[in-house]
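Source file: input_39.txt. Holds: compact mmCIF, C-alpha atoms and all ligand atoms.
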```txt
# COMPACT_ATOMS: atom_id res chain seq x y z
CA MET X 1 19.87 59.69 -27.34
CA GLN X 2 16.94 58.30 -29.15
CA ALA X 3 17.15 58.61 -32.89
CA ALA X 4 13.76 58.14 -34.45
CA PHE X 5 13.04 58.74 -38.06
CA GLY X 6 10.68 57.86 -40.80
CA LEU X 7 11.47 55.34 -43.47
CA THR X 8 9.48 55.10 -46.64
CA ARG X 9 8.50 51.63 -47.67
CA ARG X 10 10.02 50.69 -50.95
CA GLY X 11 10.15 47.81 -53.32
CA ARG X 12 7.67 45.01 -53.45
CA SER X 13 4.84 45.01 -51.05
CA HIS X 14 4.43 42.34 -48.45
CA THR X 15 0.98 41.10 -47.76
CA SER X 16 0.21 42.55 -44.43
CA PHE X 17 -1.90 40.95 -41.80
CA ARG X 18 -3.33 43.02 -39.12
CA ALA X 19 -2.99 41.55 -35.71
CA ALA X 20 -6.00 42.26 -33.61
CA SER X 21 -4.46 42.84 -30.28
CA THR X 22 -6.08 43.76 -27.08
CA VAL X 23 -4.03 44.66 -24.14
CA LEU X 24 -5.47 45.17 -20.76
CA PHE X 25 -3.92 46.30 -17.60
CA LEU X 26 -5.65 45.09 -14.48
CA ALA X 27 -4.65 46.88 -11.39
CA ALA X 28 -4.67 44.37 -8.60
CA SER X 29 -6.83 46.47 -6.35
CA GLY X 30 -9.52 46.98 -9.00
CA ALA X 31 -9.82 43.40 -10.18
CA ALA X 32 -11.90 41.94 -7.35
CA PRO X 33 -15.65 41.88 -8.12
CA VAL X 34 -17.90 43.40 -5.49
CA VAL X 35 -20.42 40.78 -4.30
CA GLY X 36 -23.61 41.40 -2.33
CA ALA X 37 -25.41 44.58 -1.37
CA GLN X 38 -23.09 45.80 1.30
CA ALA X 39 -21.61 49.19 0.97
CA PRO X 40 -18.35 49.04 -0.91
CA GLN X 41 -15.51 48.65 1.45
CA ALA X 42 -11.88 49.19 1.00
CA TYR X 43 -10.00 46.03 0.23
CA PRO X 44 -6.48 45.90 1.43
CA ALA X 45 -4.14 45.90 -1.51
CA PRO X 46 -2.52 42.50 -2.05
CA PRO X 47 1.19 42.35 -1.40
CA ALA X 48 3.18 43.50 -4.37
CA PRO X 49 4.94 40.76 -6.34
CA PRO X 50 8.66 40.60 -5.65
CA SER X 51 10.01 42.67 -8.53
CA ASP X 52 7.66 42.35 -11.46
CA GLY X 53 5.80 45.58 -10.80
CA GLU X 54 2.11 45.81 -11.62
CA PRO X 55 0.34 42.56 -12.44
CA LEU X 56 -0.67 42.75 -16.04
CA LEU X 57 -2.91 40.77 -18.27
CA SER X 58 -2.67 40.86 -22.00
CA THR X 59 -4.45 38.85 -24.64
CA SER X 60 -3.54 38.89 -28.27
CA ALA X 61 -4.86 37.11 -31.35
CA MET X 62 -5.14 37.52 -35.08
CA ASP X 63 -8.40 37.77 -36.97
CA GLU X 64 -9.40 34.21 -37.93
CA SER X 65 -9.28 34.58 -41.71
CA ASP X 66 -6.04 36.58 -41.58
CA HIS X 67 -4.59 33.84 -39.41
CA ALA X 68 -5.60 31.08 -41.84
CA GLN X 69 -4.10 32.98 -44.77
CA CYS X 70 -0.94 33.69 -42.80
CA VAL X 71 -0.44 30.08 -41.78
CA SER X 72 -0.80 28.89 -45.36
CA GLU X 73 1.67 31.52 -46.56
CA LEU X 74 4.15 30.49 -43.88
CA ALA X 75 3.80 26.85 -44.94
CA SER X 76 4.14 27.70 -48.65
CA LYS X 77 7.42 29.45 -47.84
CA LYS X 78 8.69 26.20 -46.30
CA VAL X 79 8.90 27.52 -42.80
CA VAL X 80 8.73 24.69 -40.28
CA PHE X 81 6.53 25.60 -37.35
CA GLU X 82 4.14 24.28 -34.76
CA GLN X 83 0.70 25.67 -34.04
CA PRO X 84 -0.15 25.48 -30.36
CA LYS X 85 -3.78 26.29 -29.62
CA GLU X 86 -2.63 29.04 -27.36
CA ALA X 87 0.31 30.13 -25.31
CA ALA X 88 -0.11 31.44 -21.80
CA ARG X 89 2.60 32.85 -19.63
CA GLU X 90 2.29 34.67 -16.34
CA GLY X 91 -0.98 36.42 -17.05
CA CYS X 92 -0.50 36.97 -20.78
CA ARG X 93 -2.25 34.89 -23.39
CA LEU X 94 -1.67 34.47 -27.09
CA SER X 95 -4.32 32.72 -29.17
CA ALA X 96 -3.31 30.48 -32.07
CA PRO X 97 0.36 31.49 -32.17
CA VAL X 98 3.09 29.82 -34.17
CA SER X 99 6.32 28.38 -32.77
CA LEU X 100 9.07 28.53 -35.36
CA THR X 101 11.49 25.65 -35.82
CA SER X 102 13.37 26.48 -39.01
CA VAL X 103 13.32 28.62 -42.12
CA ARG X 104 14.12 27.30 -45.60
CA THR X 105 16.38 29.68 -47.53
CA LEU X 106 18.27 29.57 -50.83
CA PHE X 107 21.37 28.88 -48.75
CA GLY X 108 20.03 26.05 -46.63
CA ASP X 109 17.78 25.73 -43.62
CA VAL X 110 18.22 28.11 -40.71
CA SER X 111 17.13 26.58 -37.44
CA LEU X 112 15.69 28.43 -34.47
CA PRO X 113 16.55 26.26 -31.46
CA ALA X 114 14.58 28.34 -28.96
CA LYS X 115 11.42 27.65 -31.03
CA PRO X 116 10.21 31.22 -30.49
CA THR X 117 6.46 31.70 -30.18
CA MET X 118 4.63 34.64 -31.75
CA LEU X 119 1.63 35.77 -33.74
CA CYS X 120 1.67 34.32 -37.24
CA SER X 121 1.85 37.82 -38.76
CA PHE X 122 5.05 38.50 -36.87
CA GLY X 123 6.38 35.05 -37.75
CA LEU X 124 5.90 35.85 -41.40
CA LYS X 125 7.76 39.14 -41.07
CA PHE X 126 10.62 37.62 -39.10
CA THR X 127 11.08 34.60 -41.37
CA ASP X 128 10.99 36.86 -44.45
CA TRP X 129 13.88 38.79 -42.93
CA VAL X 130 15.78 35.58 -42.21
CA ARG X 131 15.27 34.28 -45.76
CA GLU X 132 15.68 37.50 -47.71
CA VAL X 133 18.43 39.19 -45.70
CA ALA X 134 20.00 37.32 -42.80
CA ALA X 135 20.92 34.16 -44.73
CA PRO X 136 22.39 35.82 -47.85
CA MET X 137 24.18 38.55 -45.89
CA THR X 138 25.73 36.05 -43.51
CA LEU X 139 27.14 34.14 -46.45
CA ALA X 140 28.38 37.35 -48.06
CA TYR X 141 30.07 38.66 -44.91
CA THR X 142 31.53 35.45 -43.53
CA GLY X 143 31.77 32.97 -46.40
CA GLN X 144 29.76 30.62 -44.22
CA LYS X 145 26.13 29.61 -44.41
CA LEU X 146 23.85 30.73 -41.64
CA ALA X 147 22.89 27.56 -39.74
CA GLU X 148 21.11 28.83 -36.67
CA ILE X 149 19.77 31.96 -35.05
CA GLU X 150 19.75 32.03 -31.27
CA THR X 151 16.79 33.98 -29.97
CA GLY X 152 14.73 34.60 -26.89
CA PRO X 153 11.32 32.96 -26.49
CA GLY X 154 9.49 35.61 -28.54
CA PHE X 155 6.23 35.72 -26.60
CA ALA X 156 6.93 36.70 -23.00
CA CYS X 157 4.78 38.39 -20.43
CA THR X 158 6.96 41.38 -19.74
CA ALA X 159 6.42 45.04 -19.33
CA ARG X 160 8.65 47.48 -21.06
CA TYR X 161 11.71 48.49 -19.17
CA LYS X 162 10.49 51.90 -18.13
CA ALA X 163 8.41 52.28 -14.99
CA GLU X 164 4.64 52.27 -15.53
CA ALA X 165 5.16 51.39 -19.17
CA PRO X 166 2.56 49.45 -21.13
CA PRO X 167 3.32 45.79 -21.86
CA SER X 168 6.11 45.23 -24.31
CA GLU X 169 5.39 43.89 -27.75
CA HIS X 170 6.66 40.54 -26.44
CA ALA X 171 3.45 40.27 -24.40
CA LYS X 172 1.46 40.54 -27.64
CA GLY X 173 3.53 38.02 -29.60
CA ASP X 174 4.77 40.80 -31.81
CA ALA X 175 8.47 40.84 -30.95
CA ILE X 176 11.64 38.78 -30.85
CA ASP X 177 15.10 39.15 -29.36
CA VAL X 178 18.00 37.95 -31.51
CA VAL X 179 21.11 36.99 -29.58
CA SER X 180 23.49 35.43 -32.09
CA PHE X 181 23.99 34.00 -35.54
CA VAL X 182 25.60 30.56 -35.67
CA LEU X 183 27.50 29.71 -38.84
CA ALA X 184 27.73 26.32 -40.53
CA ASP X 185 31.20 25.82 -39.01
CA LYS X 186 29.64 26.42 -35.54
CA HIS X 187 31.27 29.83 -35.15
CA ARG X 188 28.94 32.09 -33.19
CA VAL X 189 28.54 35.71 -34.26
CA THR X 190 27.06 37.47 -31.24
CA VAL X 191 25.02 40.64 -31.35
CA LYS X 192 26.94 41.82 -28.30
CA ALA X 193 30.25 41.88 -30.19
CA LEU X 194 28.64 44.18 -32.76
CA GLY X 195 30.82 43.21 -35.71
CA PRO X 196 30.25 44.19 -39.34
CA LEU X 197 27.68 41.46 -40.03
CA VAL X 198 25.54 42.40 -37.04
CA GLY X 199 25.85 46.09 -37.91
CA ALA X 200 24.64 45.42 -41.45
CA LEU X 201 21.82 43.13 -40.37
CA ARG X 202 20.70 45.69 -37.86
CA MET X 203 20.40 48.30 -40.61
CA THR X 204 18.33 45.99 -42.79
CA ALA X 205 16.05 45.09 -39.89
CA CYS X 206 14.89 48.70 -39.83
CA GLY X 207 13.27 48.11 -43.22
CA TYR X 208 11.26 45.16 -41.92
CA PHE X 209 10.40 46.03 -38.34
CA THR X 210 9.02 49.23 -36.83
CA THR X 211 11.27 49.04 -33.76
CA VAL X 212 14.88 47.89 -33.73
CA LEU X 213 16.89 48.26 -30.53
CA GLY X 214 20.37 46.90 -29.90
CA PRO X 215 23.72 47.55 -28.23
CA GLY X 216 24.16 51.25 -27.58
CA ALA X 217 20.43 51.97 -27.54
CA ASP X 218 20.08 51.46 -23.78
CA PRO X 219 21.55 49.19 -21.10
CA GLN X 220 18.80 46.57 -21.57
CA HIS X 221 19.77 45.87 -25.17
CA GLU X 222 23.52 45.36 -24.94
CA THR X 223 23.30 41.65 -25.71
CA HIS X 224 20.55 41.32 -28.29
CA LEU X 225 18.63 42.93 -31.08
CA HIS X 226 15.03 43.58 -30.13
CA LEU X 227 12.74 43.57 -33.16
CA ASP X 228 9.05 44.42 -32.99
CA MET X 229 6.11 45.74 -34.96
CA LEU X 230 4.74 48.38 -32.62
CA MET X 231 3.00 51.18 -34.51
CA HIS X 232 4.63 54.45 -33.50
CA GLY X 233 1.77 56.68 -34.55
CA GLY X 234 -0.73 56.33 -37.35
CA THR X 235 1.36 54.54 -39.95
CA ALA X 236 4.16 52.03 -40.15
CA ASN X 237 6.38 54.67 -41.76
CA TYR X 238 7.52 56.07 -38.45
CA ARG X 239 10.15 53.79 -37.04
CA ILE X 240 12.51 53.63 -34.13
CA CYS X 241 15.85 52.37 -35.28
CA GLU X 242 18.71 52.58 -32.83
ZN ZN E 301 12.85 42.40 -26.73
```
Representation of the structure as structure tokens:
Amino acid sequence: MQAAFGLTRRGRSHTSFRAASTVLFLAASGAAPVVGAQAPQAYPAPPAPPSDGEPLLSTSAMDESDHAQCVSELASKKVVFEQPKEAAREGCRLSAPVSLTSVRTLFGDVSLPAKPTMLCSFGLKFTDWVREVAAPMTLAYTGQKLAEIETGPGFACTARYKAEAPPSEHAKGDAIDVVSFVLADKHRVTVKALGPLVGALRMTACGYFTTVLGPGADPQHETHLHLDMLMHGGTANYRICE
């Protein structure tokens, strides 16, 4: 069952950057330009790709000034990151993303070995959550500092899991999958095991992200927490948290 509810934003306000995202679906059969004056003729549909479903193309980028402001805020918060000119994967393109390496927190640096790639606006949101919640709560629950967060690649050219669904927020650089939290003593707290720390972090994530899916939500999320910033309606107050 899908439990969706509204959360009211509270506390201090985060500077928000609006990601200008454009997502296009190109049906394979409609993508070929018609050349010449001949009557249009039916083109045979190209063979379907093995299992990926419809070919899709998505491009995503932030407004230039928002991006500059975001990058300087990320740097001022001592996040270590790279700035590739663009990232392109299997038909999806992300302009001026950031690839996160580590996050400075009051309890030490938290590294992100997968170097996840995303829009800067999402990077700011995710690293705020790591600094403000994940690091202190890990110490509180385990007595150990949070050393590492194992994640997916962030940006990925994937559709959502349902048939004929629009591209997932991963295709727009607006999502990340969190797989485990590695403590200073190398102990790995997996999302899959769904212990008290993961349960608590999952609850807090609902205050930062507009979509939080994890074990129990559906079969695709048994091993990780999916966090994204998809707008479910007109405002960010309507959130999916399951
Ligand atoms: Zn995901």
> Which protein, DNA or RNA residues have an atom within 9 Å of ligand ZN 301 (chain E), counting only C-alpha atoms and all ligand atoms, as a list in words?
Replying inline: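 Counting only what the definition allows, namely only C-alpha atoms and all ligand atoms, the set is Gly152, Gly154, Arg160, Ser168, Glu169, His170, Ala175, Ile176, Asp177, Val178, Leu213, Gln220, His221, His224, Leu225, His226, Leu227 and Asp228 of chain X.
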> Hey, which of X:His232, X:Lys115, X:Lys145, X:Lys85 ends up closest to X:Thr211? Count only C-alpha atoms.
Replying inline: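 For X:Thr211, the nearest of the given residues is X:His232.
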> Which is closest to X:Leu119 among X:Tyr208, X:Tyr141, X:Phe81, X:Phe107, if we use only C-alpha atoms?
Replying inline: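 The answer is X:Phe81, which sits nearest to X:Leu119.
With distances restricted to all atoms listed in the file, X:Thr190 is the closest residue to X:Ile149 from X:Lys172, X:Cys206, X:Thr190, X:Thr117.
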> Rounded to one decimal in Å, what is the spacing between atom CA of X:Pro219 and atom CA of X:Ile240?
Replying inline: 16.5 Å
>> Under the rule that all atoms listed in the file are counted, which of X:Thr210, X:Thr151, X:Thr59, X:Ser180 is the nearest residue to X:Glu86?
In response: X:Thr59
> Looking at X:Val103, X:Ser58, X:Gly195, X:Met137, which one is nearest to X:Lys78, with distances taken over only C-alpha atoms?
Replying inline: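 Distance minimum relative to X:Lys78 lands on X:Val103.
Considering all atoms listed in the file, the residue among X:Met62, X:Ala114, X:Leu94, X:Val130 positioned nearest to X:Lys77 is X:Val130.
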> So what do you get for atom CA of X:Lys192 versus atom CA of X:Tyr238, distance-wise?
Replying inline: 26.1 Å
Completion of stretch 133-152 of chain X up to N, CA and C atoms, as a tab-separated table (two decimals), keeping the file's coordinate frame:
```tsv
chain	number	residue	atom	x	y	z
X	133	VAL	N	17.31	38.34	-46.11
X	133	VAL	CA	18.43	39.19	-45.70
X	133	VAL	C	19.47	38.46	-44.84
X	134	ALA	N	19.02	37.87	-43.75
X	134	ALA	CA	20.00	37.32	-42.80
X	134	ALA	C	20.82	36.20	-43.43
X	135	ALA	N	20.16	35.28	-44.14
X	135	ALA	CA	20.92	34.16	-44.73
X	135	ALA	C	21.89	34.62	-45.82
X	136	PRO	N	21.42	35.39	-46.82
X	136	PRO	CA	22.39	35.82	-47.85
X	136	PRO	C	23.49	36.74	-47.32
X	137	MET	N	23.15	37.63	-46.39
X	137	MET	CA	24.18	38.55	-45.89
X	137	MET	C	25.22	37.82	-45.04
X	138	THR	N	24.78	36.82	-44.31
X	138	THR	CA	25.73	36.05	-43.51
X	138	THR	C	26.74	35.37	-44.42
X	139	LEU	N	26.23	34.78	-45.50
X	139	LEU	CA	27.14	34.14	-46.45
X	139	LEU	C	28.09	35.17	-47.08
X	140	ALA	N	27.56	36.32	-47.43
X	140	ALA	CA	28.38	37.35	-48.06
X	140	ALA	C	29.46	37.89	-47.12
X	141	TYR	N	29.13	38.05	-45.86
X	141	TYR	CA	30.07	38.66	-44.91
X	141	TYR	C	31.07	37.67	-44.35
X	142	THR	N	30.66	36.40	-44.25
X	142	THR	CA	31.53	35.45	-43.53
X	142	THR	C	32.03	34.30	-44.41
X	143	GLY	N	31.41	34.12	-45.58
X	143	GLY	CA	31.77	32.97	-46.40
X	143	GLY	C	31.19	31.68	-45.88
X	144	GLN	N	30.38	31.79	-44.84
X	144	GLN	CA	29.76	30.62	-44.22
X	144	GLN	C	28.24	30.73	-44.32
X	145	LYS	N	27.59	29.59	-44.43
X	145	LYS	CA	26.13	29.61	-44.41
X	145	LYS	C	25.63	29.86	-42.99
X	146	LEU	N	24.50	30.52	-42.93
X	146	LEU	CA	23.85	30.73	-41.64
X	146	LEU	C	23.11	29.44	-41.27
X	147	ALA	N	23.49	28.85	-40.14
X	147	ALA	CA	22.89	27.56	-39.74
X	147	ALA	C	21.80	27.74	-38.69
X	148	GLU	N	21.97	28.74	-37.86
X	148	GLU	CA	21.11	28.83	-36.67
X	148	GLU	C	21.03	30.29	-36.22
X	149	ILE	N	19.88	30.66	-35.72
X	149	ILE	CA	19.77	31.96	-35.05
X	149	ILE	C	19.31	31.70	-33.62
X	150	GLU	N	20.12	32.17	-32.68
X	150	GLU	CA	19.75	32.03	-31.27
X	150	GLU	C	18.91	33.23	-30.87
X	151	THR	N	17.74	32.93	-30.31
X	151	THR	CA	16.79	33.98	-29.97
X	151	THR	C	16.28	33.80	-28.55
X	152	GLY	N	15.51	34.77	-28.10
X	152	GLY	CA	14.73	34.60	-26.89
X	152	GLY	C	13.47	33.82	-27.22
```
